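Asks: So here's run-v6.txt (compact mmCIF, C-alpha atoms and all ligand atoms).
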# COMPACT_ATOMS: atom_id res chain seq x y z
CA MET M 141 -3.95 197.35 56.89
CA ILE M 142 -3.52 200.34 59.16
CA THR M 143 -0.66 199.63 61.53
CA ALA M 144 0.56 201.26 64.74
CA VAL M 145 2.84 204.26 64.23
CA LYS M 146 6.53 203.29 63.99
CA GLY M 147 8.17 203.24 67.40
CA THR M 148 4.89 202.81 69.29
CA GLN M 149 3.53 199.60 70.80
CA ASP M 150 0.21 197.98 71.61
CA LEU M 151 0.11 196.29 74.98
CA PHE M 152 -2.05 193.42 76.08
CA ALA M 153 -2.00 190.33 78.29
CA PRO M 154 0.17 188.70 79.42
CA GLU M 155 2.69 191.57 78.98
CA ILE M 156 0.30 194.19 80.38
CA LEU M 157 0.18 192.26 83.67
CA ARG M 158 3.89 192.98 84.18
CA TRP M 159 3.20 196.68 83.61
CA GLN M 160 0.39 196.67 86.13
CA LYS M 161 2.54 194.88 88.71
CA LEU M 162 5.36 197.37 88.25
CA GLU M 163 3.01 200.34 88.48
CA THR M 164 1.46 198.98 91.67
CA ALA M 165 4.89 198.33 93.21
CA ALA M 166 5.96 201.87 92.28
CA ARG M 167 2.81 203.45 93.72
CA ASN M 168 3.29 201.55 96.99
CA LEU M 169 6.91 202.60 97.23
CA PHE M 170 6.11 206.26 96.49
CA GLU M 171 3.50 206.12 99.23
CA ARG M 172 6.14 204.88 101.67
CA TYR M 173 8.34 207.85 100.78
CA GLY M 174 5.44 210.30 101.15
CA PHE M 175 5.00 211.12 97.44
CA GLY M 176 1.67 212.10 95.87
CA GLU M 177 0.71 211.56 92.23
CA ILE M 178 0.53 214.30 89.61
CA ARG M 179 -0.90 213.97 86.09
CA THR M 180 -0.11 216.67 83.59
CA PRO M 181 -1.28 216.91 79.95
CA LEU M 182 0.53 215.08 77.17
CA LEU M 183 0.36 218.30 75.16
CA GLU M 184 2.20 221.43 76.20
CA HIS M 185 3.19 224.70 74.55
CA THR M 186 6.46 224.13 72.70
CA GLU M 187 8.02 227.09 74.47
CA LEU M 188 7.97 225.16 77.76
CA PHE M 189 10.44 222.56 76.51
CA VAL M 190 12.60 225.05 74.59
CA ARG M 191 13.04 227.06 77.79
CA GLY M 192 13.02 224.14 80.22
CA ILE M 193 15.10 221.43 78.52
CA GLY M 194 17.36 223.80 76.53
CA ASP M 195 17.33 224.87 72.89
CA GLU M 196 20.67 223.21 72.09
CA THR M 197 19.76 219.76 73.41
CA ASP M 198 19.15 216.80 71.09
CA ILE M 199 15.62 216.50 72.47
CA VAL M 200 14.65 220.05 71.49
CA THR M 201 16.62 220.30 68.23
CA LYS M 202 15.60 217.01 66.67
CA GLU M 203 13.41 214.75 68.78
CA MET M 204 10.20 216.61 69.57
CA TYR M 205 6.79 215.96 68.04
CA THR M 206 5.96 219.59 67.40
CA PHE M 207 3.06 220.86 65.29
CA PRO M 208 0.82 223.89 64.95
CA ASP M 209 -2.74 223.44 66.22
CA ARG M 210 -5.68 224.69 64.17
CA LYS M 211 -5.14 228.23 65.36
CA GLY M 212 -1.44 228.10 64.51
CA ARG M 213 -0.10 227.77 68.09
CA SER M 214 2.96 225.58 68.38
CA LEU M 215 2.27 222.54 70.57
CA THR M 216 4.51 219.61 71.48
CA LEU M 217 3.82 216.10 72.73
CA ARG M 218 5.79 216.01 75.95
CA PRO M 219 9.24 214.43 75.51
CA GLU M 220 9.63 214.24 79.30
CA ASN M 221 7.56 215.20 82.33
CA THR M 222 9.77 217.36 84.57
CA ALA M 223 9.11 220.60 82.69
CA GLY M 224 5.35 219.91 82.68
CA VAL M 225 5.31 219.25 86.42
CA MET M 226 7.15 222.52 87.06
CA ARG M 227 4.78 224.39 84.74
CA ALA M 228 1.81 222.98 86.66
CA LEU M 229 3.28 224.00 90.03
CA VAL M 230 3.97 227.53 88.82
CA GLU M 231 0.59 227.88 87.15
CA HIS M 232 -1.32 226.72 90.23
CA ARG M 233 0.96 228.60 92.65
CA LEU M 234 1.96 225.40 94.41
CA CYS M 235 5.74 225.86 94.39
CA ASP M 236 5.81 226.51 98.13
CA SER M 237 3.13 223.99 99.03
CA SER M 238 4.51 221.24 101.25
CA ALA M 239 1.60 219.06 100.18
CA HIS M 240 2.97 219.19 96.63
CA SER M 241 6.68 219.04 97.27
CA ARG M 242 7.09 215.31 96.56
CA LEU M 243 5.40 214.25 93.37
CA TYR M 244 5.43 211.20 91.16
CA TYR M 245 4.03 210.45 87.72
CA ILE M 246 3.51 207.46 85.49
CA GLY M 247 2.80 208.00 81.82
CA PRO M 248 3.78 208.15 78.15
CA GLN M 249 6.43 210.46 76.70
CA PHE M 250 7.22 211.06 73.03
CA ARG M 251 10.55 211.45 71.25
CA TYR M 252 11.23 211.21 67.56
CA GLU M 253 14.28 208.95 67.85
CA ARG M 254 15.44 206.11 65.62
CA PRO M 255 13.56 203.13 67.07
CA GLN M 256 15.67 200.18 68.21
CA LYS M 257 15.63 197.69 71.07
CA GLY M 258 14.85 199.68 74.21
CA ARG M 259 14.22 202.90 72.28
CA TYR M 260 10.74 203.91 71.20
CA ARG M 261 8.95 207.00 69.94
CA GLN M 262 6.22 206.59 72.51
CA PHE M 263 7.72 205.26 75.71
CA HIS M 264 6.66 205.39 79.33
CA GLN M 265 8.26 206.86 82.38
CA ILE M 266 7.78 206.51 86.10
CA GLY M 267 9.23 209.65 87.62
CA ALA M 268 9.76 211.42 90.92
CA GLU M 269 10.27 215.13 91.62
CA VAL M 270 11.15 216.76 94.95
CA ILE M 271 10.63 220.52 95.02
CA GLY M 272 11.96 223.06 97.51
CA ASP M 273 14.84 221.17 99.12
CA ALA M 274 18.39 222.20 98.22
CA SER M 275 20.14 219.91 100.68
CA PRO M 276 22.36 216.99 99.62
CA GLY M 277 20.19 214.75 101.79
CA SER M 278 17.34 215.30 99.37
CA ASP M 279 19.57 214.08 96.50
CA ALA M 280 20.67 211.00 98.43
CA GLU M 281 17.21 210.05 99.65
CA THR M 282 15.65 210.46 96.21
CA ILE M 283 18.41 208.35 94.63
CA ALA M 284 17.79 205.72 97.33
CA LEU M 285 14.12 205.72 96.35
CA ALA M 286 15.15 204.94 92.75
CA ALA M 287 17.48 202.19 93.95
CA ASP M 288 14.66 200.73 96.07
CA LEU M 289 12.35 200.64 93.09
CA LEU M 290 14.93 198.74 91.08
CA SER M 291 15.67 196.24 93.82
CA ALA M 292 11.92 195.67 94.30
CA SER M 293 11.88 194.75 90.60
CA ASP M 294 14.79 192.25 90.91
CA ILE M 295 16.75 194.11 88.27
CA LEU M 296 19.79 192.28 86.96
CA GLY M 297 23.07 194.11 87.56
CA PRO M 298 21.91 197.69 88.33
CA VAL M 299 24.69 200.26 88.73
CA VAL M 300 24.21 203.77 90.09
CA GLN M 301 26.49 206.19 88.26
CA LEU M 302 27.04 209.53 89.90
CA ASN M 303 28.56 212.85 88.96
CA SER M 304 28.30 216.57 89.62
CA VAL M 305 27.96 219.01 86.72
CA GLY M 306 28.61 222.06 88.90
CA CYS M 307 26.52 225.22 88.95
CA PRO M 308 26.25 228.45 86.93
CA LYS M 309 29.06 229.81 89.10
CA CYS M 310 31.72 227.19 88.36
CA ARG M 311 30.54 225.57 85.14
CA PRO M 312 31.37 228.38 82.68
CA SER M 313 35.05 228.38 83.59
CA TYR M 314 35.16 224.57 83.36
CA VAL M 315 33.41 224.66 79.97
CA GLY M 316 35.95 227.25 78.78
CA LEU M 317 38.77 224.99 79.89
CA LEU M 318 37.18 221.97 78.24
CA ARG M 319 36.53 223.77 74.98
CA GLY M 320 40.10 225.03 74.89
CA ALA M 321 41.51 221.56 75.46
CA LEU M 322 39.24 219.93 72.89
CA LEU M 323 39.77 222.62 70.25
CA GLU M 324 43.42 221.63 70.14
CA ARG M 325 42.37 218.13 69.06
CA ARG M 326 39.26 219.14 67.14
CA ALA M 327 40.25 217.31 63.95
CA GLU M 328 40.45 213.98 65.80
CA LEU M 329 36.90 214.26 67.15
CA CYS M 330 33.84 212.77 65.42
CA GLY M 331 31.53 215.06 63.42
CA ASP M 332 28.91 215.21 66.19
CA CYS M 333 31.52 216.21 68.76
CA GLN M 334 32.89 218.90 66.46
CA ARG M 335 29.40 220.38 66.16
CA ARG M 336 28.73 220.06 69.90
CA LEU M 337 32.00 221.73 70.70
CA GLU M 338 30.47 224.96 69.39
CA ALA M 339 26.91 224.64 70.67
CA ASN M 340 27.05 222.60 73.88
CA PRO M 341 30.62 221.54 74.76
CA LEU M 342 29.62 219.61 77.90
CA ARG M 343 27.73 217.13 75.76
CA VAL M 344 30.99 216.15 74.07
CA LEU M 345 31.90 214.33 77.29
CA ASP M 346 28.95 212.00 76.74
CA CYS M 347 30.09 210.84 73.27
CA LYS M 348 30.13 207.06 72.80
CA VAL M 349 32.17 206.98 69.53
CA PRO M 350 35.26 204.79 70.24
CA SER M 351 37.78 207.05 68.49
CA CYS M 352 36.75 209.99 70.71
CA GLN M 353 37.31 208.10 73.97
CA PRO M 354 41.09 208.54 74.42
CA ILE M 355 40.75 212.29 73.76
CA LEU M 356 37.91 212.63 76.24
CA ASP M 357 39.77 210.57 78.83
CA GLU M 358 42.54 213.15 78.74
CA ALA M 359 40.21 216.18 78.79
CA PRO M 360 39.90 218.25 82.02
CA ARG M 361 37.62 216.47 84.51
CA LEU M 362 34.30 217.98 85.52
CA ASP M 363 34.69 217.03 89.16
CA GLU M 364 38.00 218.87 89.32
CA GLY M 365 36.39 222.11 88.13
CA LEU M 366 33.75 222.35 90.87
CA CYS M 367 33.49 225.43 93.10
CA GLU M 368 33.76 224.95 96.84
CA GLU M 369 29.99 224.75 97.44
CA CYS M 370 29.42 222.26 94.62
CA HIS M 371 32.37 220.18 95.80
CA ALA M 372 31.02 220.11 99.38
CA HIS M 373 27.54 219.21 98.12
CA HIS M 374 28.95 216.36 96.02
CA GLU M 375 31.00 215.01 98.93
CA LYS M 376 27.96 215.07 101.21
CA VAL M 377 25.78 213.27 98.67
CA LYS M 378 28.40 210.52 98.42
CA GLU M 379 28.63 210.25 102.20
CA LEU M 380 24.85 210.05 102.63
CA LEU M 381 24.46 207.49 99.86
CA GLY M 382 26.98 205.38 101.77
CA LEU M 383 24.94 205.86 104.92
CA LEU M 384 21.81 204.74 103.10
CA GLY M 385 23.59 201.67 101.77
CA VAL M 386 23.30 202.71 98.11
CA SER M 387 26.46 201.71 96.28
CA PHE M 388 27.48 203.88 93.33
CA GLN M 389 30.23 204.47 90.81
CA LEU M 390 31.67 207.90 90.17
CA LYS M 391 31.35 208.75 86.48
CA PRO M 392 33.17 212.05 85.90
CA ARG M 393 32.00 212.22 82.31
CA LEU M 394 28.30 211.77 83.02
CA VAL M 395 26.52 214.97 81.88
CA ARG M 396 22.99 213.90 80.81
CA GLY M 397 21.09 215.16 77.79
CA LEU M 398 18.97 217.91 79.34
CA ASP M 399 20.28 221.39 80.14
CA TYR M 400 18.45 221.96 83.43
CA TYR M 401 20.82 220.05 85.68
CA VAL M 402 23.10 221.56 88.31
CA ARG M 403 25.32 219.72 90.77
CA THR M 404 24.21 216.10 91.19
CA VAL M 405 23.42 214.04 88.11
CA PHE M 406 23.00 210.29 88.10
CA GLU M 407 21.93 207.36 85.99
CA ILE M 408 21.19 203.76 86.77
CA THR M 409 22.22 201.31 84.09
CA SER M 410 21.72 197.58 83.81
CA SER M 411 24.06 195.00 82.38
CA ALA M 412 20.95 193.16 81.16
CA LEU M 413 20.35 195.86 78.52
CA GLY M 414 22.25 196.39 75.28
CA ALA M 415 23.32 199.72 73.83
CA GLN M 416 20.41 201.56 75.45
CA ASP M 417 21.51 200.62 78.94
CA ALA M 418 20.17 203.62 80.91
CA LEU M 419 17.22 202.45 82.96
CA LEU M 420 16.77 205.67 84.82
CA GLY M 421 18.30 209.12 84.97
CA GLY M 422 17.95 212.34 86.85
CA GLY M 423 19.54 214.93 89.06
CA ARG M 424 19.24 218.35 90.62
CA TYR M 425 17.60 221.19 88.67
CA ASP M 426 17.67 224.23 90.94
CA GLY M 427 17.17 226.87 88.23
CA LEU M 428 14.35 225.21 86.32
CA LEU M 429 11.34 226.66 88.13
CA LYS M 430 12.73 230.16 87.72
CA GLN M 431 13.60 229.49 84.09
CA ILE M 432 9.94 228.86 83.30
CA GLY M 433 8.62 231.84 85.22
CA GLY M 434 8.35 230.53 88.79
CA PRO M 435 10.18 231.29 92.03
CA ASP M 436 13.86 230.51 92.52
CA ALA M 437 13.19 227.16 94.21
CA PRO M 438 15.41 224.06 94.04
CA GLY M 439 14.41 220.65 92.75
CA PHE M 440 15.65 217.11 92.38
CA GLY M 441 14.18 214.19 90.47
CA TRP M 442 14.54 211.24 88.16
CA ALA M 443 12.63 209.26 85.60
CA LEU M 444 12.70 205.58 84.83
CA GLY M 445 12.03 204.06 81.40
CA VAL M 446 9.30 201.47 81.96
CA GLU M 447 9.98 199.49 78.75
CA ARG M 448 13.67 199.27 79.64
CA LEU M 449 13.01 198.26 83.21
CA LEU M 450 10.72 195.47 82.07
CA MET M 451 13.37 194.30 79.60
CA ALA M 452 15.96 194.15 82.37
CA MET M 453 13.72 192.22 84.77
CA PRO M 454 14.32 188.49 85.02
CA PRO M 455 11.56 186.40 83.44
CA VAL M 456 8.97 185.27 85.94
CA PRO M 457 7.23 181.91 85.54
CA GLU M 458 3.83 182.59 84.09
CA GLU M 459 1.14 182.11 86.70
CA ARG M 460 -2.50 181.37 86.15
CA LEU M 461 -4.81 184.31 86.82
CA GLY M 462 -6.67 183.93 90.11
CA ARG M 463 -9.99 183.88 88.23
CA THR M 464 -12.79 181.34 88.30
CA TYR M 465 -14.50 180.01 85.18
CA ILE M 466 -17.96 178.62 85.71
CA ALA M 467 -18.67 175.73 83.35
CA TRP M 468 -22.38 174.91 83.26
CA SER M 469 -24.31 172.35 81.28
CA GLY M 470 -27.78 170.81 81.65
CA GLU M 471 -31.33 171.71 82.60
CA GLY M 472 -31.59 174.68 85.00
CA THR M 473 -27.84 175.13 85.34
CA TYR M 474 -27.58 178.43 83.42
CA ALA M 475 -29.77 180.34 85.90
CA ARG M 476 -27.86 178.88 88.87
CA ALA M 477 -24.51 179.71 87.24
CA LEU M 478 -25.61 183.31 86.66
CA SER M 479 -26.64 183.82 90.29
CA LEU M 480 -23.58 181.98 91.60
CA ALA M 481 -21.29 184.20 89.50
CA ARG M 482 -22.96 187.31 90.86
CA ASP M 483 -22.70 186.04 94.42
CA LEU M 484 -19.00 185.13 94.10
CA ARG M 485 -18.17 188.50 92.52
CA ALA M 486 -19.89 190.23 95.43
CA ARG M 487 -17.48 188.35 97.71
CA GLY M 488 -14.52 189.77 95.81
CA LEU M 489 -13.79 186.95 93.34
CA ALA M 490 -13.12 187.35 89.63
CA VAL M 491 -15.56 185.14 87.73
CA ILE M 492 -16.10 184.41 84.04
CA MET M 493 -18.93 182.44 82.45
CA GLU M 494 -20.40 181.91 79.00
CA HIS M 495 -23.99 182.61 78.05
CA SER M 496 -24.39 179.78 75.60
CA GLU M 497 -24.20 176.15 76.58
CA ARG M 498 -21.16 174.04 75.76
CA SER M 499 -19.92 170.66 76.91
CA PHE M 500 -17.77 170.43 80.05
CA LYS M 501 -14.89 169.27 77.88
CA SER M 502 -15.08 172.35 75.69
CA SER M 503 -15.59 174.59 78.76
CA LEU M 504 -12.48 173.21 80.45
CA LYS M 505 -10.47 173.76 77.29
CA ARG M 506 -11.64 177.35 77.22
CA ALA M 507 -10.84 177.85 80.92
CA ASP M 508 -7.36 176.57 80.20
CA ARG M 509 -6.93 178.98 77.28
CA LEU M 510 -8.17 181.84 79.45
CA ASN M 511 -5.35 180.88 81.81
CA VAL M 512 -7.62 180.94 84.86
CA ARG M 513 -6.74 179.08 88.03
CA TRP M 514 -10.18 177.67 88.90
CA ALA M 515 -12.95 175.89 87.04
CA LEU M 516 -16.28 175.45 88.75
CA LEU M 517 -18.37 172.66 87.26
CA LEU M 518 -22.11 172.97 87.46
CA GLY M 519 -24.16 170.12 85.97
CA GLU M 520 -27.58 168.72 86.77
CA ASP M 521 -26.13 166.38 89.43
CA GLU M 522 -24.34 169.24 91.17
CA LEU M 523 -27.51 171.29 91.04
CA LYS M 524 -29.47 168.52 92.75
CA ALA M 525 -26.86 167.88 95.40
CA GLU M 526 -26.20 171.63 95.89
CA LYS M 527 -22.50 170.78 95.79
CA PHE M 528 -20.23 172.15 93.10
CA THR M 529 -17.04 170.69 91.71
CA LEU M 530 -14.15 173.10 92.09
CA LYS M 531 -11.13 172.20 89.99
CA ASP M 532 -7.73 173.76 90.58
CA LEU M 533 -6.28 173.95 87.07
CA GLN M 534 -2.80 174.52 88.43
CA THR M 535 -2.61 171.29 90.45
CA GLY M 536 -5.39 169.29 88.80
CA GLU M 537 -7.00 168.65 92.21
CA GLN M 538 -10.73 168.87 92.55
CA GLU M 539 -13.32 168.68 95.33
CA ALA M 540 -17.07 169.05 95.78
CA LEU M 541 -18.19 171.98 97.92
CA PRO M 542 -21.47 173.64 98.90
CA ALA M 543 -21.99 177.14 97.45
CA GLY M 544 -21.35 178.80 100.80
CA GLU M 545 -17.81 177.40 101.04
CA LEU M 546 -16.62 178.17 97.53
CA ALA M 547 -15.47 181.76 98.01
CA ALA M 548 -13.41 181.04 101.11
CA ARG M 549 -11.75 178.01 99.49
CA ILE M 550 -10.81 179.98 96.36
CA LEU M 551 -9.56 182.97 98.33
CA ASN M 552 -7.47 180.67 100.50
CA GLY M 553 -5.78 179.34 97.40
CA GLY M 554 -7.16 175.84 97.24
CA ALA M 555 -7.67 172.59 99.06
CA SER M 556 -6.99 172.64 102.78
P1 LIG M 601 15.97 211.03 80.42
O1 LIG M 601 17.32 210.50 80.78
O2 LIG M 601 15.84 211.75 79.16
O3 LIG M 601 15.54 211.95 81.64
O4 LIG M 601 14.95 209.85 80.45
C1 LIG M 601 14.82 209.00 81.57
C2 LIG M 601 14.69 207.54 81.15
O5 LIG M 601 13.64 207.42 80.18
C3 LIG M 601 15.91 206.98 80.45
O6 LIG M 601 16.88 206.55 81.38
C4 LIG M 601 15.31 205.83 79.69
O7 LIG M 601 15.17 204.68 80.52
C5 LIG M 601 13.94 206.33 79.33
N1 LIG M 601 13.91 206.76 77.92
C6 LIG M 601 14.31 207.94 77.41
N2 LIG M 601 14.13 207.98 76.08
C7 LIG M 601 13.59 206.79 75.73
C8 LIG M 601 13.15 206.19 74.50
N3 LIG M 601 13.20 206.85 73.34
N4 LIG M 601 12.65 204.93 74.55
C9 LIG M 601 12.57 204.25 75.71
N5 LIG M 601 12.96 204.75 76.89
C10 LIG M 601 13.46 206.01 76.91
C11 LIG M 601 14.35 212.62 81.72
O8 LIG M 601 13.42 212.42 80.99
C12 LIG M 601 14.26 213.57 82.88
N6 LIG M 601 12.97 214.24 82.84
C13 LIG M 601 14.48 212.84 84.19
C14 LIG M 601 14.37 213.74 85.37
C15 LIG M 601 13.31 213.86 86.20
N7 LIG M 601 15.30 214.59 85.78
C16 LIG M 601 14.86 215.25 86.85
N8 LIG M 601 13.64 214.82 87.10
Taking this structure as input, can you express it in the form of structure tokens?
Ligand code: HAM
Replies:
Amino acid sequence: MITAVKGTQDLFAPEILRWQKLETAARNLFERYGFGEIRTPLLEHTELFVRGIGDETDIVTKEMYTFPDRKGRSLTLRPENTAGVMRALVEHRLCDSSAHSRLYYIGPQFRYERPQKGRYRQFHQIGAEVIGDASPGSDAETIALAADLLSASDILGPVVQLNSVGCPKCRPSYVGLLRGALLERRAELCGDCQRRLEANPLRVLDCKVPSCQPILDEAPRLDEGLCEECHAHHEKVKELLGLLGVSFQLKPRLVRGLDYYVRTVFEITSSALGAQDALLGGGRYDGLLKQIGGPDAPGFGWALGVERLLMAMPPVPEERLGRTYIAWSGEGTYARALSLARDLRARGLAVIMEHSERSFKSSLKRADRLNVRWALLLGEDELKAEKFTLKDLQTGEQEALPAGELAARILNGGAS
């Protein structure tokens, strides 16, 4: 048997209905915040991610699906969408276009990670990017958008964690300080931290290994190393989040796994998730557009892991689909069922029927298995009387109605 690739998933009903609901809720919310959709290719030139995400990050060093195409060019399945969105804006000269300054995307991303609960090799993100606004208000409003999306999804125990990672002006001196402090206790750090200390010392702060925690707790704090401008920006973001009613926790060791961030970084975690508790993450990335060949324009954004969000959502009682199953049996009923189905569909109803005759009993069983809400019974008697029996499979109630009244009754949700 040929199976799905490890770390990827097939999706079908009823699970897919939750995906569709979430996507619709997200699209509606983005609309309310004035965002437009962007779709970029799943495949990009590898160079984009090396330059955009950073060549020392875990994503670039060990998690990308990278391969040469038939002409030997190095391509990569996108591990995230921010770099691709920026590439598209630069390529189409849209970096200054107000019509393209608030974008959202929904789609698959690929990372070669060790699969576990909440971690996949093909996973899906819903993401938002705001281009061209350097003000702290843009950070706060875009974080509020993320918080709104989570509250619309009834997420259990979401927590916004906030930090500032400074800017190219203040970060180098902080990193020097951090490296110096950690080098003194190098031998006590885990192997990963010892390696990171050389290549990407900030990432050490993010280590989850228990024995590293006391050392990291005593290390110099990022928020104490900020320059005046970064400090003021951070303070303003906090103030505006308060104004918008978004509660948050300060997390001075939050650094995120991508190199493009400056100033604000944030994550939203959920107590309903296990080890992989980050539902959503993002921040400010003012140098990214320039880094990949565009203008020196600021940006802010986040991405949400769809699989994780769905895991953190409370279970909803399974509802019957608002569809109608036409059960027909007897002389002349097939032709009437066919035309009735067509008529009801034209009025906006979802209708299913079979093309070979079966007993009403077997039809009702099938309607039940199809999880539809309505069964419409069409036998010879009904045909003669021109009245059809509409059965609500949710309540068990049934009534006889003329064809002209069926659509309205079903759309109204049942017996009046
Ligand atoms: P990220 O933190 O790498 O950020 O990913 C965002 C979210 O994607 C995570 O919080 C998580 O929910 C989900 N995620 C990541 N990896 C996996 C995985 N292997 N399996 C399941 N879910 C996963 C970014 O991707 C940035 N591009 C976010 C951003 C947008 N920053 C600015 N704009």
Asks: Tell me which of M:Ala286, M:Ala543, M:Ala228, M:Leu345 sits closest to ligand LIG 601 (chain M), counting only C-alpha atoms and all ligand atoms.
Replies: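 When distances to ligand LIG 601 (chain M) are compared using only C-alpha atoms and all ligand atoms, the smallest one comes from M:Ala286.
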Asks: Could you give me the axis-aligned bounding box of region 469-481 of chain M, with 8 Å of padding per side, as centre plus edge lengths in Å to one decimal, as JSON?
Replies:
{"center_x": -26.4, "center_y": 177.5, "center_z": 86.4, "size_x": 26.3, "size_y": 29.4, "size_z": 26.3}
Asks: Fewer than 3 positions away in the same chain doesn't count, so skip those; otherwise give me all residues within 9 Å of Val315 (chain M), counting only C-alpha atoms, as a CSV table (one decimal) with C-alpha atoms, in the coordinates of the input.
Replies:
chain,number,residue,atom,x,y,z
M,310,CYS,CA,31.7,227.2,88.4
M,311,ARG,CA,30.5,225.6,85.1
M,312,PRO,CA,31.4,228.4,82.7
M,318,LEU,CA,37.2,222.0,78.2
M,319,ARG,CA,36.5,223.8,75.0
M,320,GLY,CA,40.1,225.0,74.9
M,341,PRO,CA,30.6,221.5,74.8
M,342,LEU,CA,29.6,219.6,77.9
M,362,LEU,CA,34.3,218.0,85.5
Asks: Counting all atoms listed in the file, name the residues that have an atom within 7 Å of an atom of ligand LIG 601 (chain M); the answer should be given as a ChimeraX atom specification.
Replies: /M:220-222,251,253,258-265,267-269,396-398,407,418-425,440-448
Asks: List the neighbours of Gly488 (chain M) out to 12 Å using all atoms listed in the file; skip same-chain residues closer than 3 positions along the sequence, and give me the result as a list in words.
Replies: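 Contacts, with the query itself left out: Gly462, Arg463, Thr464, Ala481, Arg482, Asp483, Leu484, Arg485, Val491, Leu546, Ala547, Ala548, Ile550 and Leu551 of chain M.
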Asks: Output C-alpha atoms for every residue in the selection just made, as a PDB file, keeping the file's coordinate frame.
Replies:
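result_23.pdb written:
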ATOM      1  CA  GLY M 462      -6.670 183.930  90.110  1.00  0.00           C
ATOM      2  CA  ARG M 463      -9.990 183.880  88.230  1.00  0.00           C
ATOM      3  CA  THR M 464     -12.790 181.340  88.300  1.00  0.00           C
ATOM      4  CA  ALA M 481     -21.290 184.200  89.500  1.00  0.00           C
ATOM      5  CA  ARG M 482     -22.960 187.310  90.860  1.00  0.00           C
ATOM      6  CA  ASP M 483     -22.700 186.040  94.420  1.00  0.00           C
ATOM      7  CA  LEU M 484     -19.000 185.130  94.100  1.00  0.00           C
ATOM      8  CA  ARG M 485     -18.170 188.500  92.520  1.00  0.00           C
ATOM      9  CA  VAL M 491     -15.560 185.140  87.730  1.00  0.00           C
ATOM     10  CA  LEU M 546     -16.620 178.170  97.530  1.00  0.00           C
ATOM     11  CA  ALA M 547     -15.470 181.760  98.010  1.00  0.00           C
ATOM     12  CA  ALA M 548     -13.410 181.040 101.110  1.00  0.00           C
ATOM     13  CA  ILE M 550     -10.810 179.980  96.360  1.00  0.00           C
ATOM     14  CA  LEU M 551      -9.560 182.970  98.330  1.00  0.00           C
TER      15      LEU M 551
END
Asks: Tell me which of M:Gly316, M:Pro392, M:Gly331, M:Pro276 sits closest to Lys376 (chain M), counting only C-alpha atoms.
Replies: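 Distance minimum relative to Lys376 (chain M) lands on M:Pro276.
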Asks: Please identify all polymer residues within 7 Å of Val344 (chain M), counting only C-alpha atoms, omitting same-chain residues fewer than 4 positions from it, and present them as a PyMOL selection string.
Replies: chain M and resi 333+336-337
Asks: Let me see the file: selected residues, C-alpha atoms, as a short mmCIF file (atom, residue, chain, number, x, y, z; two decimals), in the coordinates of the input.
Replies:
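And here is the file that came out, again19.cif:
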data_model
loop_
_atom_site.label_atom_id
_atom_site.label_comp_id
_atom_site.auth_asym_id
_atom_site.auth_seq_id
_atom_site.Cartn_x
_atom_site.Cartn_y
_atom_site.Cartn_z
CA CYS M 333 31.52 216.21 68.76
CA ARG M 336 28.73 220.06 69.90
CA LEU M 337 32.00 221.73 70.70
#
Asks: Counting only C-alpha atoms, what is within 8 Å of region 289-304 of chain M, bar same-chain residues fewer than 6 positions away, as a PyMOL selection string?
Replies: chain M and resi 162+165-166+169+362-363+370+374+387-395+402-412+449+452-454
Asks: What is the CA of Arg191 (chain M) to CA of Arg227 (chain M) distance in Å?
Replies: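 CA of Arg227 (chain M) lies at a distance of 11.1 Å from CA of Arg191 (chain M).
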Asks: Could you work out how far CA of Pro219 (chain M) lies from CA of Arg343 (chain M), giving the answer in Å with one decimal?
Replies: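 Going from CA of Arg343 (chain M) over to CA of Pro219 (chain M), I get 18.7 Å.
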Asks: For Asn552 (chain M), which residue among M:Cys235, M:Leu489, M:Ala475, M:Leu533 is the nearest when counting only C-alpha atoms?
Replies: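 Checking each candidate against Asn552 (chain M), we get M:Leu489 as the closest.
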Asks: Between M:Leu428, M:Thr197, M:Gly382, M:Ile142, which is the closest to Leu229 (chain M) once you count all atoms listed in the file?
Replies: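 Result for the nearest residue to Leu229 (chain M): M:Leu428.
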Asks: Go ahead and compute the interatomic distance for CA of Ser499 (chain M) and CA of Pro154 (chain M), in Å to one decimal.
Replies: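 Distance reported for this atom pair: 27.1 Å.
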Asks: Could you tell me which of M:Asp198, M:Lys527, M:Leu381, M:Lys211 comes closest to Ala287 (chain M) if we count only C-alpha atoms?
Replies: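 For Ala287 (chain M), the nearest of the given residues is M:Leu381.
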Asks: Considering all atoms listed in the file, can you say which of M:Ser469, M:Gln431, M:Thr535, M:Gln334 comes closest to Lys501 (chain M)?
Replies: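 Closest residue, counting all atoms listed in the file: M:Ser469.
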Asks: Near Ala540 (chain M), counting all atoms listed in the file, which residues have an atom at most 9 Å away, once you skip same-chain residues fewer than 6 positions from it, shown as an mmCIF file with C-alpha atoms, in the frame of the given file?
Replies:
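Listed below is the output, around.cif:
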data_model
loop_
_atom_site.group_PDB
_atom_site.id
_atom_site.type_symbol
_atom_site.label_atom_id
_atom_site.label_comp_id
_atom_site.auth_asym_id
_atom_site.auth_seq_id
_atom_site.Cartn_x
_atom_site.Cartn_y
_atom_site.Cartn_z
ATOM 1 C CA GLU M 522 -24.340 169.240 91.170
ATOM 2 C CA LYS M 527 -22.500 170.780 95.790
ATOM 3 C CA PHE M 528 -20.230 172.150 93.100
ATOM 4 C CA THR M 529 -17.040 170.690 91.710
ATOM 5 C CA LEU M 530 -14.150 173.100 92.090
ATOM 6 C CA LYS M 531 -11.130 172.200 89.990
#
